[in-house]
file entry.txt (compact mmCIF, C-alpha atoms)
# COMPACT_ATOMS: atom_id res chain seq x y z
CA MET F 103 118.54 129.62 140.66
CA ARG F 104 116.18 132.60 140.68
CA LEU F 105 116.45 133.83 144.27
CA ILE F 106 119.88 133.63 145.90
CA LEU F 107 121.57 134.82 149.10
CA VAL F 108 125.36 135.00 149.54
CA THR F 109 127.01 135.86 152.85
CA GLY F 110 130.37 137.62 153.05
CA ALA F 111 129.67 139.22 149.67
CA ASN F 112 131.73 142.39 150.03
CA ARG F 113 135.03 140.85 148.90
CA GLY F 114 136.82 137.77 147.62
CA ILE F 115 134.82 134.71 146.63
CA GLY F 116 131.52 136.14 147.86
CA PHE F 117 131.81 139.29 145.77
CA GLU F 118 132.90 137.33 142.70
CA LEU F 119 129.97 134.93 143.10
CA VAL F 120 127.52 137.85 143.15
CA LYS F 121 129.25 139.49 140.19
CA GLN F 122 129.28 136.37 138.04
CA PHE F 123 125.68 135.44 138.89
CA LEU F 124 124.65 138.91 137.71
CA GLU F 125 126.68 138.59 134.50
CA ARG F 126 124.97 135.38 133.43
CA SER F 127 122.72 135.36 130.38
CA ASN F 128 119.87 134.34 132.72
CA PRO F 129 120.72 136.25 135.91
CA PRO F 130 118.84 135.67 139.18
CA GLU F 131 115.55 137.44 139.64
CA LYS F 132 117.00 138.73 142.89
CA ILE F 133 120.30 138.18 144.67
CA PHE F 134 120.82 139.20 148.28
CA ALA F 135 124.43 140.07 149.08
CA THR F 136 125.13 140.25 152.79
CA CYS F 137 128.05 141.82 154.62
CA ARG F 138 128.84 143.16 158.06
CA ASN F 139 129.18 146.82 157.01
CA PRO F 140 127.26 147.76 153.84
CA ASP F 141 128.33 151.41 154.12
CA GLY F 142 131.95 150.37 153.65
CA ALA F 143 131.29 147.92 150.81
CA GLN F 144 131.96 150.35 147.96
CA GLU F 145 132.54 147.75 145.23
CA LEU F 146 129.30 146.02 146.17
CA LYS F 147 127.43 149.33 146.17
CA ASN F 148 128.84 150.15 142.73
CA LEU F 149 127.62 146.78 141.48
CA ALA F 150 124.17 147.35 142.98
CA SER F 151 123.90 150.72 141.23
CA ARG F 152 124.13 148.88 137.90
CA HIS F 153 121.95 145.90 138.80
CA PRO F 154 118.52 146.57 140.31
CA ASN F 155 118.14 142.85 141.10
CA LEU F 156 121.03 143.06 143.59
CA VAL F 157 120.05 143.88 147.18
CA ILE F 158 122.69 144.52 149.85
CA VAL F 159 121.67 143.27 153.31
CA GLN F 160 123.46 143.93 156.59
CA LEU F 161 124.33 140.69 158.37
CA GLU F 162 126.92 139.93 161.03
CA VAL F 163 127.34 136.16 161.00
CA THR F 164 128.30 135.94 164.69
CA ASP F 165 125.29 137.97 165.88
CA PRO F 166 121.99 136.06 166.15
CA VAL F 167 120.03 139.32 166.37
CA SER F 168 121.60 140.57 163.13
CA ILE F 169 120.89 137.23 161.45
CA LYS F 170 117.25 137.30 162.53
CA ALA F 171 116.85 140.87 161.27
CA ALA F 172 118.42 139.96 157.92
CA ALA F 173 116.09 136.98 157.51
CA ALA F 174 113.08 139.18 158.28
CA ARG F 175 114.22 141.79 155.74
CA VAL F 176 114.78 139.20 153.01
CA GLU F 177 111.42 137.60 153.74
CA GLY F 178 109.74 140.99 153.31
CA LEU F 179 111.55 141.68 150.03
CA LEU F 180 110.64 138.25 148.66
CA LYS F 181 106.95 139.13 149.08
CA GLY F 182 105.75 135.61 149.67
CA SER F 183 108.28 133.77 147.53
CA GLY F 184 110.85 131.32 148.88
CA LEU F 185 114.65 131.39 148.71
CA HIS F 186 116.23 128.90 146.31
CA LEU F 187 119.91 129.07 147.16
CA LEU F 188 121.70 129.98 150.40
CA ILE F 189 125.49 130.21 150.11
CA ASN F 190 127.21 130.38 153.50
CA ASN F 191 130.42 131.95 152.25
CA ALA F 192 131.52 134.33 155.03
CA GLY F 193 134.64 133.13 156.80
CA ILE F 194 137.78 134.22 158.63
CA VAL F 195 141.24 132.84 159.24
CA LYS F 196 143.79 133.55 161.96
CA LYS F 197 147.25 133.03 160.46
CA THR F 198 149.02 131.32 163.33
CA THR F 199 151.07 128.22 164.03
CA LEU F 200 149.93 125.38 166.27
CA GLU F 201 152.17 126.66 169.07
CA ALA F 202 150.72 130.18 168.80
CA GLU F 203 147.06 129.10 168.59
CA THR F 204 144.89 130.49 171.39
CA PRO F 205 141.48 129.71 172.89
CA GLU F 206 140.32 133.15 171.73
CA TYR F 207 141.31 132.45 168.11
CA MET F 208 139.68 129.03 168.21
CA SER F 209 136.43 130.53 169.52
CA GLN F 210 136.39 133.47 167.10
CA VAL F 211 137.06 131.36 164.02
CA TYR F 212 134.59 128.65 165.03
CA ALA F 213 131.91 131.29 165.71
CA THR F 214 132.23 132.69 162.18
CA ASN F 215 133.04 129.59 160.15
CA THR F 216 130.87 126.97 161.84
CA THR F 217 128.30 128.42 164.22
CA GLY F 218 127.47 131.23 161.79
CA PRO F 219 126.40 128.88 158.96
CA LEU F 220 124.37 126.85 161.48
CA VAL F 221 122.39 129.83 162.78
CA ILE F 222 122.01 131.43 159.33
CA SER F 223 120.67 128.18 157.88
CA GLN F 224 118.21 127.89 160.76
CA ALA F 225 117.03 131.47 160.21
CA PHE F 226 116.50 131.05 156.47
CA LEU F 227 115.09 127.51 156.63
CA PRO F 228 111.45 128.68 156.43
CA LEU F 229 112.23 130.50 153.16
CA LEU F 230 114.02 127.46 151.75
CA LYS F 231 111.05 125.28 152.70
CA LYS F 232 108.74 127.74 150.99
CA ALA F 233 110.80 127.47 147.80
CA VAL F 234 110.37 123.68 147.90
CA GLN F 235 106.61 124.04 148.32
CA GLU F 236 106.48 126.33 145.28
CA SER F 237 108.54 124.00 143.10
CA ALA F 238 107.23 121.30 140.78
CA GLN F 239 110.73 119.81 140.41
CA LYS F 240 111.45 116.30 141.58
CA GLY F 241 114.61 115.43 143.45
CA LEU F 242 117.08 117.95 144.88
CA SER F 243 118.85 120.83 143.13
CA CYS F 244 120.14 124.37 143.59
CA SER F 245 117.26 125.67 141.49
CA LYS F 246 114.79 124.11 143.92
CA ALA F 247 116.30 124.74 147.38
CA ALA F 248 119.87 124.34 148.59
CA ILE F 249 122.36 125.22 151.31
CA ILE F 250 125.95 125.49 150.09
CA ASN F 251 128.51 125.73 152.89
CA MET F 252 131.82 127.12 151.65
CA SER F 253 134.32 124.75 153.22
CA SER F 254 137.99 124.07 152.48
CA GLU F 255 140.20 121.12 151.70
CA ALA F 256 142.36 122.56 154.49
CA GLY F 257 139.71 120.99 156.76
CA SER F 258 140.04 117.56 155.17
CA ILE F 259 141.47 115.29 157.86
CA LYS F 260 142.97 113.05 155.16
CA ASN F 261 144.39 115.70 152.81
CA VAL F 262 145.20 118.63 155.18
CA LEU F 263 145.71 120.89 152.16
CA ALA F 264 148.74 123.21 152.19
CA TRP F 265 149.99 122.43 155.70
CA GLU F 266 153.49 123.42 154.60
CA PHE F 267 152.21 126.89 153.64
CA GLY F 268 150.26 127.62 156.81
CA GLN F 269 149.20 125.61 159.84
CA VAL F 270 146.11 127.79 160.62
CA VAL F 271 144.82 125.18 163.06
CA SER F 272 141.70 127.08 164.15
CA TYR F 273 140.67 127.51 160.50
CA ARG F 274 141.23 123.83 159.70
CA CYS F 275 139.26 122.69 162.74
CA SER F 276 136.38 125.05 161.94
CA LYS F 277 136.11 123.73 158.38
CA ALA F 278 136.24 120.10 159.52
CA ALA F 279 133.38 120.95 161.88
CA LEU F 280 131.53 122.73 159.06
CA ASN F 281 131.76 119.55 157.01
CA MET F 282 130.08 117.60 159.81
CA LEU F 283 127.42 120.29 160.11
CA THR F 284 126.75 119.96 156.38
CA LYS F 285 126.37 116.19 156.69
CA CYS F 286 123.93 116.65 159.58
CA GLN F 287 121.95 119.23 157.60
CA SER F 288 121.75 116.87 154.63
CA LEU F 289 120.29 114.12 156.82
CA ALA F 290 117.78 116.43 158.51
CA TYR F 291 116.74 118.44 155.43
CA ARG F 292 116.73 115.79 152.69
CA GLU F 293 113.12 114.85 153.45
CA LEU F 294 112.24 118.56 153.25
CA GLY F 295 113.57 118.70 149.69
CA ILE F 296 116.68 120.78 150.48
CA LEU F 297 120.09 119.94 149.00
CA CYS F 298 123.08 120.43 151.34
CA ILE F 299 126.71 120.49 150.18
CA ALA F 300 130.13 121.34 151.63
CA LEU F 301 132.17 122.91 148.83
CA HIS F 302 135.90 123.57 148.59
CA PRO F 303 136.21 126.58 146.23
CA GLY F 304 139.83 125.92 145.37
CA TRP F 305 142.90 127.64 146.73
CA LEU F 306 142.19 131.06 145.28
CA GLN F 307 144.04 134.37 145.08
CA THR F 308 142.07 136.23 147.75
CA THR F 309 143.21 138.11 150.85
CA MET F 310 142.62 134.92 152.81
CA GLY F 311 144.02 132.62 150.12
CA ASN F 312 147.38 134.37 149.73
CA THR F 313 148.97 133.38 153.01
CA GLY F 314 152.44 133.26 154.52
CA GLY F 315 153.98 135.10 151.59
CA TYR F 316 152.71 132.53 149.09
CA GLN F 317 150.34 133.30 146.22
CA ALA F 318 147.46 130.90 145.71
CA PRO F 319 147.62 128.97 142.40
CA MET F 320 144.21 129.90 140.96
CA THR F 321 142.43 133.21 140.27
CA VAL F 322 139.13 134.03 141.94
CA ASP F 323 137.49 134.43 138.54
CA GLU F 324 138.52 130.94 137.46
CA GLY F 325 137.47 129.32 140.73
CA VAL F 326 134.07 130.98 140.87
CA ARG F 327 133.29 130.06 137.26
CA GLY F 328 133.90 126.46 138.25
CA ILE F 329 131.73 126.80 141.36
CA ILE F 330 128.74 128.20 139.48
CA ASN F 331 129.05 125.55 136.79
CA THR F 332 129.13 122.84 139.46
CA LEU F 333 126.16 124.28 141.36
CA SER F 334 124.01 124.02 138.25
CA LYS F 335 124.70 120.26 138.03
CA LEU F 336 124.18 119.16 141.65
CA SER F 337 121.42 116.69 142.47
CA GLU F 338 120.25 114.40 145.27
CA LYS F 339 123.21 112.12 144.47
CA GLU F 340 125.60 114.72 145.92
CA THR F 341 123.62 115.90 148.96
CA GLY F 342 125.71 115.58 152.11
CA ALA F 343 128.94 115.34 150.13
CA PHE F 344 132.21 117.27 150.37
CA ILE F 345 133.16 118.36 146.85
CA ASN F 346 135.48 120.81 145.13
CA TRP F 347 134.77 123.58 142.63
CA GLU F 348 134.82 121.05 139.79
CA GLY F 349 132.27 118.78 141.47
CA ASN F 350 134.81 116.09 142.43
CA LEU F 351 134.37 114.29 145.74
CA LEU F 352 136.89 115.08 148.47
CA PRO F 353 137.80 112.86 151.44
CA TRP F 354 136.61 114.01 154.83

call {"tool": "encode", "arguments": {"input": "entry.txt", "output": "structure tokens"}}
result
Amino acid sequence: MRLILVTGANRGIGFELVKQFLERSNPPEKIFATCRNPDGAQELKNLASRHPNLVIVQLEVTDPVSIKAAAARVEGLLKGSGLHLLINNAGIVKKTTLEAETPEYMSQVYATNTTGPLVISQAFLPLLKKAVQESAQKGLSCSKAAIINMSSEAGSIKNVLAWEFGQVVSYRCSKAALNMLTKCQSLAYRELGILCIALHPGWLQTTMGNTGGYQAPMTVDEGVRGIINTLSKLSEKETGAFINWEGNLLPW
């Protein structure tokens, strides 16, 4: 996984992914960390000051113009190389009950959590395809070319994780839709050589994860270590699947 892009990298899971990738014994050649407001991402800027292979890129996931500009900037910085791993991590939640859910909340959450990954994947598809063309690897893997959509077991229609701790209907619906998007991407992009996965990172102790006065059961550090370990093992057998941070299959 030499050339990586992570959205929503200024905090939570996204920031920890960038941090742990950089701390590896064989860190990425370049990692692009995107966020809506780079000027306000102080922790990310501090990290970039210590790691010249980290590049902060402005990207607003609900703005197609911003997405297009980010893709153009990354393409220029790659200087002819492709992008191996795209992690659609940026997401939002509106902490409401079913009775308090609104059309505005549904639209806002869906725009960030579902439409955003769709448009971002479309924008960076040429760079993922270029990575495939450059690779001599057979099969599918994250070191060849992959789209990882950060989903949630809260969007599992069978499991409906943590309903008793928060109904967050718009969030659950957006993640169920993201899972379908991932399946569609896997069918369309398999023949291109691109792996596509929906991944539940675990219920982690982030701003989003600690909800309704409850603390999530797992630290961000622990969850992200599991995610990175799982990413390194994925192959064509898992493309189109919904898995957790340990690589275990989850029901839709």

call {"tool": "residues_around", "arguments": {"input": "entry.txt", "residues": "F:Val176", "least_positions_apart": "4", "cutoff": "12 Å", "atoms": "all atoms listed in the file", "output": "ChimeraX atom specification"}}
result
/F:105-108,132-136,156-161,169-172,180-185,188,225-226,228-230

call {"tool": "closest_atom_pairs", "arguments": {"input": "entry.txt", "of": "stretch 164-266 of chain F", "to": "stretch 341-349 of chain F", "cutoff": "10 Å", "atoms": "only C-alpha atoms", "output": "tab-separated table"}}
result
residue	atom	partner	partner_atom	distance
F:Leu242	CA	F:Thr341	CA	8.0
F:Ser243	CA	F:Thr341	CA	9.0
F:Ala248	CA	F:Thr341	CA	9.2
F:Ile249	CA	F:Thr341	CA	9.7
F:Ile250	CA	F:Thr341	CA	9.9
F:Asn251	CA	F:Phe344	CA	9.6
F:Met252	CA	F:Asn346	CA	9.8
F:Ser253	CA	F:Phe344	CA	8.3
F:Ser254	CA	F:Asn346	CA	8.4
F:Glu255	CA	F:Asn346	CA	8.1
F:Ser258	CA	F:Phe344	CA	9.2

call {"tool": "atom_distance", "arguments": {"input": "entry.txt", "atom1": "atom CA of F:Pro166", "atom2": "atom CA of F:Val270"}}
result
26.1 Å

call {"tool": "closest_residue", "arguments": {"input": "entry.txt", "among": "F:Lys277, F:Asp323, F:Thr216, F:Lys197", "to": "F:Leu263", "atoms": "all atoms listed in the file"}}
result
F:Lys277

call {"tool": "closest_residue", "arguments": {"input": "entry.txt", "among": "F:Tyr207, F:Phe117, F:Tyr212, F:Trp305", "to": "F:Ala278", "atoms": "all atoms listed in the file"}}
result
F:Tyr212

call {"tool": "closest_residue", "arguments": {"input": "entry.txt", "among": "F:Leu220, F:Val234, F:Ala264, F:Leu200", "to": "F:Met282", "atoms": "all atoms listed in the file"}}
result
F:Leu220

call {"tool": "closest_residue", "arguments": {"input": "entry.txt", "among": "F:Ser223, F:Gln210, F:Asn261, F:Asn128", "to": "F:Ile189", "atoms": "only C-alpha atoms"}}
result
F:Ser223

call {"tool": "residues_around", "arguments": {"input": "entry.txt", "residues": "F:Arg327", "least_positions_apart": "3", "cutoff": "12 Å", "atoms": "only C-alpha atoms", "output": "mmCIF file with C-alpha atoms, in the coordinates of the input"}}
result
data_model
loop_
_atom_site.group_PDB
_atom_site.id
_atom_site.type_symbol
_atom_site.label_atom_id
_atom_site.label_comp_id
_atom_site.auth_asym_id
_atom_site.auth_seq_id
_atom_site.Cartn_x
_atom_site.Cartn_y
_atom_site.Cartn_z
ATOM 1 C CA ILE F 115 134.820 134.710 146.630
ATOM 2 C CA GLU F 118 132.900 137.330 142.700
ATOM 3 C CA LEU F 119 129.970 134.930 143.100
ATOM 4 C CA VAL F 120 127.520 137.850 143.150
ATOM 5 C CA LYS F 121 129.250 139.490 140.190
ATOM 6 C CA GLN F 122 129.280 136.370 138.040
ATOM 7 C CA PHE F 123 125.680 135.440 138.890
ATOM 8 C CA GLU F 125 126.680 138.590 134.500
ATOM 9 C CA ARG F 126 124.970 135.380 133.430
ATOM 10 C CA PRO F 303 136.210 126.580 146.230
ATOM 11 C CA GLY F 304 139.830 125.920 145.370
ATOM 12 C CA MET F 320 144.210 129.900 140.960
ATOM 13 C CA THR F 321 142.430 133.210 140.270
ATOM 14 C CA VAL F 322 139.130 134.030 141.940
ATOM 15 C CA ASP F 323 137.490 134.430 138.540
ATOM 16 C CA GLU F 324 138.520 130.940 137.460
ATOM 17 C CA ILE F 330 128.740 128.200 139.480
ATOM 18 C CA ASN F 331 129.050 125.550 136.790
ATOM 19 C CA THR F 332 129.130 122.840 139.460
ATOM 20 C CA LEU F 333 126.160 124.280 141.360
ATOM 21 C CA SER F 334 124.010 124.020 138.250
ATOM 22 C CA TRP F 347 134.770 123.580 142.630
ATOM 23 C CA GLU F 348 134.820 121.050 139.790
#

call {"tool": "closest_residue", "arguments": {"input": "entry.txt", "among": "F:Arg292, F:Thr198, F:Asp165, F:Glu145", "to": "F:Trp265", "atoms": "only C-alpha atoms"}}
result
F:Thr198

call {"tool": "atom_distance", "arguments": {"input": "entry.txt", "atom1": "atom CA of F:Val262", "atom2": "atom CA of F:Thr284"}}
result
18.5 Å

call {"tool": "atom_distance", "arguments": {"input": "entry.txt", "atom1": "atom CA of F:Asn215", "atom2": "atom CA of F:Leu280"}}
result
7.1 Å

call {"tool": "closest_residue", "arguments": {"input": "entry.txt", "among": "F:Ser151, F:Thr199, F:Asn191, F:Ser209", "to": "F:Ser276", "atoms": "all atoms listed in the file"}}
result
F:Ser209

call {"tool": "axis_aligned_box", "arguments": {"input": "entry.txt", "around": "stretch 256-275 of chain F", "padding_each_side": "5 Å", "output": "JSON"}}
result
{"center_x": 146.4, "center_y": 120.4, "center_z": 158.2, "size_x": 24.2, "size_y": 24.7, "size_z": 22.0}

call {"tool": "decode", "arguments": {"input": "entry.txt", "residues": "stretch 148-161 of chain F", "atoms": "all heavy atoms", "output": "tab-separated table (two decimals), in the first residue's frame"}}
result
chain	number	residue	atom	x	y	z
F	148	ASN	N	0.51	19.17	12.45
F	148	ASN	CA	1.66	18.78	13.28
F	148	ASN	C	2.26	17.46	12.78
F	148	ASN	O	3.49	17.29	12.74
F	148	ASN	CB	1.24	18.63	14.74
F	148	ASN	CG	0.85	19.95	15.39
F	148	ASN	OD1	1.20	21.02	14.87
F	148	ASN	ND2	0.15	19.89	16.49
F	149	LEU	N	1.39	16.54	12.42
F	149	LEU	CA	1.85	15.25	11.90
F	149	LEU	C	2.59	15.43	10.58
F	149	LEU	O	3.64	14.83	10.35
F	149	LEU	CB	0.63	14.33	11.72
F	149	LEU	CG	0.87	12.82	11.63
F	149	LEU	CD1	1.54	12.30	12.90
F	149	LEU	CD2	-0.47	12.10	11.39
F	150	ALA	N	2.05	16.28	9.72
F	150	ALA	CA	2.68	16.53	8.41
F	150	ALA	C	4.05	17.18	8.56
F	150	ALA	O	4.95	16.94	7.74
F	150	ALA	CB	1.76	17.40	7.56
F	151	SER	N	4.23	17.98	9.60
F	151	SER	CA	5.53	18.64	9.81
F	151	SER	C	6.62	17.63	10.15
F	151	SER	O	7.81	17.90	9.95
F	151	SER	CB	5.42	19.68	10.93
F	151	SER	OG	5.23	19.05	12.20
F	152	ARG	N	6.22	16.46	10.63
F	152	ARG	CA	7.19	15.41	10.99
F	152	ARG	C	7.31	14.33	9.92
F	152	ARG	O	8.22	13.51	9.99
F	152	ARG	CB	6.80	14.75	12.32
F	152	ARG	CG	6.69	15.72	13.49
F	152	ARG	CD	6.60	14.98	14.82
F	152	ARG	NE	5.47	14.07	14.90
F	152	ARG	CZ	4.25	14.43	15.31
F	152	ARG	NH1	4.01	15.69	15.66
F	152	ARG	NH2	3.28	13.53	15.39
F	153	HIS	N	6.39	14.34	8.97
F	153	HIS	CA	6.38	13.28	7.94
F	153	HIS	C	6.22	13.91	6.55
F	153	HIS	O	5.10	14.24	6.15
F	153	HIS	CB	5.23	12.30	8.20
F	153	HIS	CG	5.34	11.56	9.50
F	153	HIS	ND1	6.09	10.41	9.63
F	153	HIS	CD2	4.80	11.81	10.72
F	153	HIS	CE1	6.00	9.98	10.89
F	153	HIS	NE2	5.23	10.81	11.56
F	154	PRO	N	7.30	14.04	5.82
F	154	PRO	CA	7.24	14.66	4.50
F	154	PRO	C	6.41	13.86	3.49
F	154	PRO	O	6.03	14.41	2.45
F	154	PRO	CB	8.70	14.73	4.07
F	154	PRO	CG	9.42	13.75	4.92
F	154	PRO	CD	8.68	13.69	6.21
F	155	ASN	N	6.12	12.60	3.78
F	155	ASN	CA	5.30	11.79	2.87
F	155	ASN	C	3.80	11.96	3.12
F	155	ASN	O	2.98	11.31	2.46
F	155	ASN	CB	5.69	10.31	2.95
F	155	ASN	CG	5.69	9.77	4.38
F	155	ASN	OD1	5.84	10.52	5.34
F	155	ASN	ND2	5.52	8.46	4.52
F	156	LEU	N	3.44	12.82	4.07
F	156	LEU	CA	2.04	13.14	4.33
F	156	LEU	C	1.67	14.46	3.67
F	156	LEU	O	2.31	15.48	3.90
F	156	LEU	CB	1.78	13.22	5.84
F	156	LEU	CG	0.41	13.76	6.30
F	156	LEU	CD1	-0.73	12.94	5.72
F	156	LEU	CD2	0.34	13.80	7.82
F	157	VAL	N	0.61	14.41	2.85
F	157	VAL	CA	0.14	15.60	2.14
F	157	VAL	C	-1.31	15.86	2.54
F	157	VAL	O	-2.16	14.98	2.39
F	157	VAL	CB	0.23	15.44	0.61
F	157	VAL	CG1	-0.28	16.69	-0.09
F	157	VAL	CG2	1.65	15.11	0.19
F	158	ILE	N	-1.59	17.05	3.05
F	158	ILE	CA	-2.96	17.42	3.43
F	158	ILE	C	-3.65	18.05	2.22
F	158	ILE	O	-3.11	18.96	1.58
F	158	ILE	CB	-2.95	18.40	4.61
F	158	ILE	CG1	-2.21	17.80	5.81
F	158	ILE	CG2	-4.38	18.77	5.01
F	158	ILE	CD1	-2.01	18.75	6.97
F	159	VAL	N	-4.85	17.55	1.91
F	159	VAL	CA	-5.59	18.01	0.73
F	159	VAL	C	-6.97	18.47	1.15
F	159	VAL	O	-7.68	17.76	1.89
F	159	VAL	CB	-5.72	16.87	-0.31
F	159	VAL	CG1	-6.55	17.33	-1.51
F	159	VAL	CG2	-4.35	16.40	-0.77
F	160	GLN	N	-7.36	19.65	0.71
F	160	GLN	CA	-8.70	20.15	1.02
F	160	GLN	C	-9.73	19.38	0.19
F	160	GLN	O	-9.58	19.22	-1.03
F	160	GLN	CB	-8.80	21.65	0.70
F	160	GLN	CG	-10.01	22.35	1.30
F	160	GLN	CD	-11.30	22.16	0.52
F	160	GLN	OE1	-11.28	21.97	-0.68
F	160	GLN	NE2	-12.44	22.19	1.21
F	161	LEU	N	-10.76	18.87	0.86
F	161	LEU	CA	-11.83	18.16	0.15
F	161	LEU	C	-13.09	18.21	1.00
F	161	LEU	O	-13.10	17.78	2.15
F	161	LEU	CB	-11.42	16.70	-0.11
F	161	LEU	CG	-12.32	15.89	-1.03
F	161	LEU	CD1	-11.54	14.77	-1.71
F	161	LEU	CD2	-13.51	15.27	-0.27
